[in-house]
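K.L.:
Quick one: this structure, given as structure tokens, is what I'll be asking you about.
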Amino acid sequence: MNPAGFSEQVRRSWAVAKKDIRIYYIKGPVLIFGIFMPVFLFLAFLMGSRQLPLAFLVSGLVGMALFFTATAVSPAIFPWEGQAKTLERLASCPITVEAIVFGDMIASTLFGIGITLITVIIGLFLGLSLLHAITLCAGILLAACCFSAIGMLLAVPPTNTPSNIMMLSSLIKFPLVFISGIFIPLEQMPHWGMALAVCSPLTYFTDLVRYSFTGTNYFQVPFDIAALMVFTIVFTAGTMYLHKRTMPKRM
Amino acid sequence: MPDAIEVTDLTKIFGTTVAVDHVSFSVKEGEIFGFLGPNGAGKTTTTRMLAGVIPPDSGSAMILGHDIQREPVLAKQEFGVVPETSNAYTDLTAWQNLMLMGELYGISSARATERASNLLGALGLLERKDQKVQAYSKGMKQRLILAMALLHEPRLLFLDEPTSGLDVQSTQMILSLLRDLNRAGTTIFLTTHNMEEANRLCHRVGIIRSGRIVALDAPEKLKAAIDRLHRIEVSFGREIPAEALARLPGVLSADRIGDKWQITTENRDALIRLLVQFSREQGVAIVTLNTLAPSLDDAFLRLTREASL
């Protein structure tokens, strides 16, 4: 066994992910927040935008659910663990910073996927038909990885005060929802709005979900998937690099 | 005996404060090394750099043949760390914490289960293994993190104040386990404030003051080195006149303290021989004879005070 080898580090990442799920995710309030938050946002817009079709809004709900759940807990894990000194325990174990970050990402990806599947079921329950299941599954998997990386990126500032990170997290997450074609269709957006929308990975995921439920989309499916892949790679590499630099400052 | 730890010019600066200032020392394999110093001297910062938790600003540390900066994973695989404050996951049970350690060190599930059972049994925690750590007392948490540090059978163990604030039972249990581990070949790097603990446990000690090593030797040698003058306490079977003792060669002073005499000399060995000869010549029995060596506390206070002047 080479402890520093890739496969061994991935195995240790899985241990970190299991620990995260046990400690941070399988908690009543977290699960309830993960479901309620997007549902209430969706209901608010359903009542305020009666002219938009249900399929459009459910696609937005799925997009929001994945985005909010995959980025809900992960930004606070490092600050929490820094405060409780458990991060020091991890830092003294034979696991790289990249593997710790990857473990946190796995947990948040799985949590995001789990909650999002509930919203998909809600959509089907409301009478929508799923036209492209494979596209939807691929989109959810890819976007969950991408949003988890965003969640970990939000945790980069080396503070051990979770509320600081959560404030920063809200400041970035909420505007992203409004520029990603969730409540305003991309084709109805002004030029400046479109310029912002193409910078958001949530735009491409929402477009894929819409295609899966309605058969119509703004970008081509391969383009949406390629864009999500690029965002995932860039954010994952970025978060691993930055955490490696800031981790010692948390100790 | 090869070096388990080899530290060269290790330096750490926080802002304008030099926390650790070009520290160099080595620890042999199989040794119990005590790292002593007053609060804020740089003990914990040094230990954290050696454990790969924080990087040094300059210098290097080789841990069991691996550079902690260049090969951190390989180095960390070989040692365990027991920090001053318990850092077990309080939302997990003791058992779950140990299994997590097993996975992080790449131990097979069967081996981790066997080791965890043995360690929890030896540390008196087996019956409460399925209880969340948040319900544990400080002593139990400390014993648990010791078990977590030992699960992968490390060749080297870093301990930072492992018995600080613990009850006598937990302290004895931990110290006894450390002795057993050392007998079995584990090298121990012990950071402590407790001079008695260091005196009884350590083969060598290093004393750090203001980020610099001010002494590095065996506890007995350190104690002997700080005082040029030695004191001997002796009591006889009957009264002895002060002048008779003061006339003995090498006696610098002889003071009566209760029913004993306290004699100072530069040559302890020669004076003991003379006292035995004196008692024989005078036909008087020696009731007690003690050498009053300075304690490690004395050595520590003297060395850290000298360094600060």
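Chains: A, B, ... in order of the structure tokens. Residues: from 1 per chain. Ligands: from 1, in order shown.
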Contacts from chain B to chain A, 7 Å maximum, only C-alpha atoms: show me the residue list as a VMD selection string.

P.N.:
chain B and resid 51 to 54 73 to 74 76 to 77 87 to 89 91 100 103 to 105

K.L.:
Applying 12 Å and only C-alpha atoms, which residues near B:Ile240 remain after dropping the ones on its own chain fewer than 4 positions away? List them as a VMD selection string.

P.N.:
chain B and resid 234 to 236 244 to 246 254 to 256 259 to 261 275 278 to 279 282 to 286

K.L.:
Store the residues picked out above, limited to N, CA and C atoms, as a PDB file, in the first residue's frame.

P.N.:
ATOM      1  N   VAL B 234      22.880  14.678  56.371  1.00  0.00           N
ATOM      2  CA  VAL B 234      23.309  13.504  57.120  1.00  0.00           C
ATOM      3  C   VAL B 234      22.850  13.646  58.576  1.00  0.00           C
ATOM      4  N   SER B 235      22.468  12.516  59.172  1.00  0.00           N
ATOM      5  CA  SER B 235      22.162  12.537  60.615  1.00  0.00           C
ATOM      6  C   SER B 235      22.908  11.363  61.267  1.00  0.00           C
ATOM      7  N   PHE B 236      23.394  11.624  62.483  1.00  0.00           N
ATOM      8  CA  PHE B 236      24.203  10.617  63.199  1.00  0.00           C
ATOM      9  C   PHE B 236      23.444  10.074  64.402  1.00  0.00           C
ATOM     10  N   ALA B 244      33.762  19.660  64.217  1.00  0.00           N
ATOM     11  CA  ALA B 244      34.308  18.396  63.716  1.00  0.00           C
ATOM     12  C   ALA B 244      33.928  18.191  62.252  1.00  0.00           C
ATOM     13  N   LEU B 245      32.714  18.542  61.931  1.00  0.00           N
ATOM     14  CA  LEU B 245      32.255  18.385  60.536  1.00  0.00           C
ATOM     15  C   LEU B 245      32.903  19.441  59.652  1.00  0.00           C
ATOM     16  N   ALA B 246      32.951  20.678  60.161  1.00  0.00           N
ATOM     17  CA  ALA B 246      33.479  21.778  59.354  1.00  0.00           C
ATOM     18  C   ALA B 246      34.957  21.571  59.017  1.00  0.00           C
ATOM     19  N   ALA B 254      28.526  23.703  57.054  1.00  0.00           N
ATOM     20  CA  ALA B 254      27.757  22.632  57.715  1.00  0.00           C
ATOM     21  C   ALA B 254      26.712  23.304  58.592  1.00  0.00           C
ATOM     22  N   ASP B 255      25.455  23.161  58.258  1.00  0.00           N
ATOM     23  CA  ASP B 255      24.376  23.827  58.989  1.00  0.00           C
ATOM     24  C   ASP B 255      23.494  22.795  59.666  1.00  0.00           C
ATOM     25  N   ARG B 256      23.108  23.104  60.896  1.00  0.00           N
ATOM     26  CA  ARG B 256      22.236  22.202  61.641  1.00  0.00           C
ATOM     27  C   ARG B 256      20.794  22.493  61.253  1.00  0.00           C
ATOM     28  N   ASP B 259      17.349  17.580  63.434  1.00  0.00           N
ATOM     29  CA  ASP B 259      18.300  16.596  63.935  1.00  0.00           C
ATOM     30  C   ASP B 259      19.312  16.194  62.865  1.00  0.00           C
ATOM     31  N   LYS B 260      19.345  16.983  61.780  1.00  0.00           N
ATOM     32  CA  LYS B 260      20.240  16.623  60.655  1.00  0.00           C
ATOM     33  C   LYS B 260      21.251  17.739  60.416  1.00  0.00           C
ATOM     34  N   TRP B 261      22.286  17.369  59.654  1.00  0.00           N
ATOM     35  CA  TRP B 261      23.257  18.358  59.188  1.00  0.00           C
ATOM     36  C   TRP B 261      23.130  18.488  57.688  1.00  0.00           C
ATOM     37  N   LEU B 275      32.609  11.151  55.074  1.00  0.00           N
ATOM     38  CA  LEU B 275      31.601  11.040  56.144  1.00  0.00           C
ATOM     39  C   LEU B 275      31.551   9.608  56.691  1.00  0.00           C
ATOM     40  N   PHE B 278      34.596   9.235  58.731  1.00  0.00           N
ATOM     41  CA  PHE B 278      34.423  10.051  59.945  1.00  0.00           C
ATOM     42  C   PHE B 278      33.563   9.310  60.964  1.00  0.00           C
ATOM     43  N   SER B 279      32.483   8.720  60.497  1.00  0.00           N
ATOM     44  CA  SER B 279      31.578   8.020  61.418  1.00  0.00           C
ATOM     45  C   SER B 279      32.282   6.821  62.049  1.00  0.00           C
ATOM     46  N   GLN B 282      34.806   8.146  64.646  1.00  0.00           N
ATOM     47  CA  GLN B 282      34.138   8.707  65.821  1.00  0.00           C
ATOM     48  C   GLN B 282      33.327   7.650  66.578  1.00  0.00           C
ATOM     49  N   GLY B 283      33.174   6.499  65.952  1.00  0.00           N
ATOM     50  CA  GLY B 283      32.383   5.427  66.552  1.00  0.00           C
ATOM     51  C   GLY B 283      30.914   5.791  66.653  1.00  0.00           C
ATOM     52  N   VAL B 284      30.415   6.463  65.656  1.00  0.00           N
ATOM     53  CA  VAL B 284      29.008   6.890  65.654  1.00  0.00           C
ATOM     54  C   VAL B 284      28.342   6.398  64.367  1.00  0.00           C
ATOM     55  N   ALA B 285      27.112   5.945  64.530  1.00  0.00           N
ATOM     56  CA  ALA B 285      26.406   5.400  63.356  1.00  0.00           C
ATOM     57  C   ALA B 285      25.809   6.519  62.495  1.00  0.00           C
ATOM     58  N   ILE B 286      25.802   6.287  61.179  1.00  0.00           N
ATOM     59  CA  ILE B 286      25.074   7.213  60.274  1.00  0.00           C
ATOM     60  C   ILE B 286      23.630   6.715  60.235  1.00  0.00           C
TER      61      ILE B 286
END

K.L.:
Please identify all polymer residues within 12 Å of A:Ile118, counting only C-alpha atoms, omitting same-chain residues fewer than 2 positions from it, and present them as a CSV table (one decimal) with N, CA and C atoms, in the first residue's frame.

P.N.:
chain,number,residue,atom,x,y,z
A,31,LEU,N,-31.8,18.5,6.7
A,31,LEU,CA,-32.7,17.9,5.6
A,31,LEU,C,-33.9,18.7,5.4
A,32,ILE,N,-34.5,19.2,6.4
A,32,ILE,CA,-35.7,20.0,6.3
A,32,ILE,C,-35.4,21.3,5.5
A,34,GLY,N,-33.0,21.8,3.5
A,34,GLY,CA,-32.6,21.4,2.1
A,34,GLY,C,-33.9,21.3,1.3
A,35,ILE,N,-35.0,20.8,1.8
A,35,ILE,CA,-36.2,20.6,1.0
A,35,ILE,C,-37.0,21.9,1.1
A,36,PHE,N,-37.2,22.5,2.2
A,36,PHE,CA,-38.1,23.7,2.4
A,36,PHE,C,-37.6,24.9,1.6
A,38,PRO,N,-35.8,25.6,-1.2
A,38,PRO,CA,-36.2,25.7,-2.6
A,38,PRO,C,-37.7,25.6,-2.9
A,39,VAL,N,-38.4,24.8,-2.1
A,39,VAL,CA,-39.9,24.7,-2.3
A,39,VAL,C,-40.6,26.0,-2.0
A,58,VAL,N,-41.0,24.1,-12.4
A,58,VAL,CA,-40.5,22.9,-11.8
A,58,VAL,C,-39.0,22.7,-12.2
A,61,LEU,N,-37.2,24.8,-10.0
A,61,LEU,CA,-37.2,24.2,-8.6
A,61,LEU,C,-36.1,23.2,-8.5
A,62,VAL,N,-36.0,22.3,-9.5
A,62,VAL,CA,-35.0,21.3,-9.5
A,62,VAL,C,-33.6,21.9,-9.5
A,65,ALA,N,-33.0,23.5,-6.1
A,65,ALA,CA,-32.8,22.5,-5.0
A,65,ALA,C,-31.4,22.0,-5.1
A,66,LEU,N,-30.9,21.6,-6.3
A,66,LEU,CA,-29.6,21.1,-6.3
A,66,LEU,C,-28.5,22.2,-5.9
A,69,THR,N,-28.8,22.9,-2.1
A,69,THR,CA,-28.4,21.8,-1.2
A,69,THR,C,-27.0,21.4,-1.3
A,111,PHE,N,-25.6,14.5,-1.0
A,111,PHE,CA,-26.7,15.2,-0.3
A,111,PHE,C,-27.5,16.0,-1.4
A,112,GLY,N,-26.8,16.7,-2.3
A,112,GLY,CA,-27.5,17.5,-3.3
A,112,GLY,C,-28.3,16.6,-4.2
A,113,ILE,N,-27.7,15.4,-4.6
A,113,ILE,CA,-28.4,14.5,-5.5
A,113,ILE,C,-29.7,14.0,-4.8
A,114,GLY,N,-29.5,13.6,-3.5
A,114,GLY,CA,-30.6,13.0,-2.8
A,114,GLY,C,-31.8,13.9,-2.7
A,115,ILE,N,-31.6,15.2,-2.3
A,115,ILE,CA,-32.7,16.1,-2.1
A,115,ILE,C,-33.3,16.5,-3.5
A,116,THR,N,-32.4,16.6,-4.5
A,116,THR,CA,-32.9,17.0,-5.9
A,116,THR,C,-33.8,15.9,-6.4
A,120,VAL,N,-37.5,16.2,-8.2
A,120,VAL,CA,-37.9,15.6,-9.5
A,120,VAL,C,-39.2,14.8,-9.3
A,121,ILE,N,-39.3,14.0,-8.2
A,121,ILE,CA,-40.5,13.2,-7.9
A,121,ILE,C,-41.7,14.2,-7.7
A,122,ILE,N,-41.5,15.3,-7.0
A,122,ILE,CA,-42.6,16.3,-6.9
A,122,ILE,C,-43.1,16.8,-8.3
A,123,GLY,N,-42.1,17.0,-9.2
A,123,GLY,CA,-42.5,17.4,-10.5
A,123,GLY,C,-43.3,16.4,-11.2
A,124,LEU,N,-42.9,15.1,-11.1
A,124,LEU,CA,-43.6,14.0,-11.7
A,124,LEU,C,-45.0,13.9,-11.1
A,125,PHE,N,-45.0,14.1,-9.8
A,125,PHE,CA,-46.3,14.0,-9.0
A,125,PHE,C,-47.3,15.1,-9.5

K.L.:
Excluding stretch 208-214 of chain B and residues on its chain fewer than 5 positions from it, collect all residues at most 8 Å away from it, counting only C-alpha atoms, and give them as a list in words.

P.N.:
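Listed by chain and then number, they are Val18, Ala19, Val20, Asp21, His22, Val23, Ser24, Phe35, Leu36, Gly37, Pro38, Gly40, Ala41, Gly42, Lys43, Leu303, Thr304, Ala307 and Ser308 of chain B.
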
K.L.:
At a cut-off of 10 Å, using only C-alpha atoms, what residues contact A:Ala144? Leave out same-chain residues fewer than 5 positions from it and give the result as a count of residues only.

P.N.:
21

K.L.:
Hey, can you check how far atom CA of B:Thr191 sits from atom CA of B:Leu50?

P.N.:
12.2 Å

K.L.:
Can you list, as a ChimeraX atom specification, every residue of stretch 89-231 of chain A that DSSP puts in helix (DSSP H, G or I)?

P.N.:
/A:89-91,97-125,133-154,162-178,186-188,191-197,201-214,221-231

K.L.:
Near A:Asn160, counting only C-alpha atoms, which residues have an atom at most 9 Å away, once you skip same-chain residues fewer than 5 positions from it, shown as a PyMOL selection string?

P.N.:
chain A and resi 76+78-83+165+250

K.L.:
Any idea what's packed within 12 Å of B:Leu181, counting only C-alpha atoms, ignoring anything in its chain fewer than 6 positions away? Could you give it as a VMD selection string?

P.N.:
chain B and resid 30 to 32 146 150 153 to 157 174 to 175 187 to 188 201

K.L.:
Separation of atom CA of B:Leu190 and atom CA of B:Ala75, in Å?

P.N.:
18.0 Å

K.L.:
Could you tell me how far atom CA of A:Phe223 lies from atom CA of A:Leu154, in Å and to one decimal?

P.N.:
26.0 Å
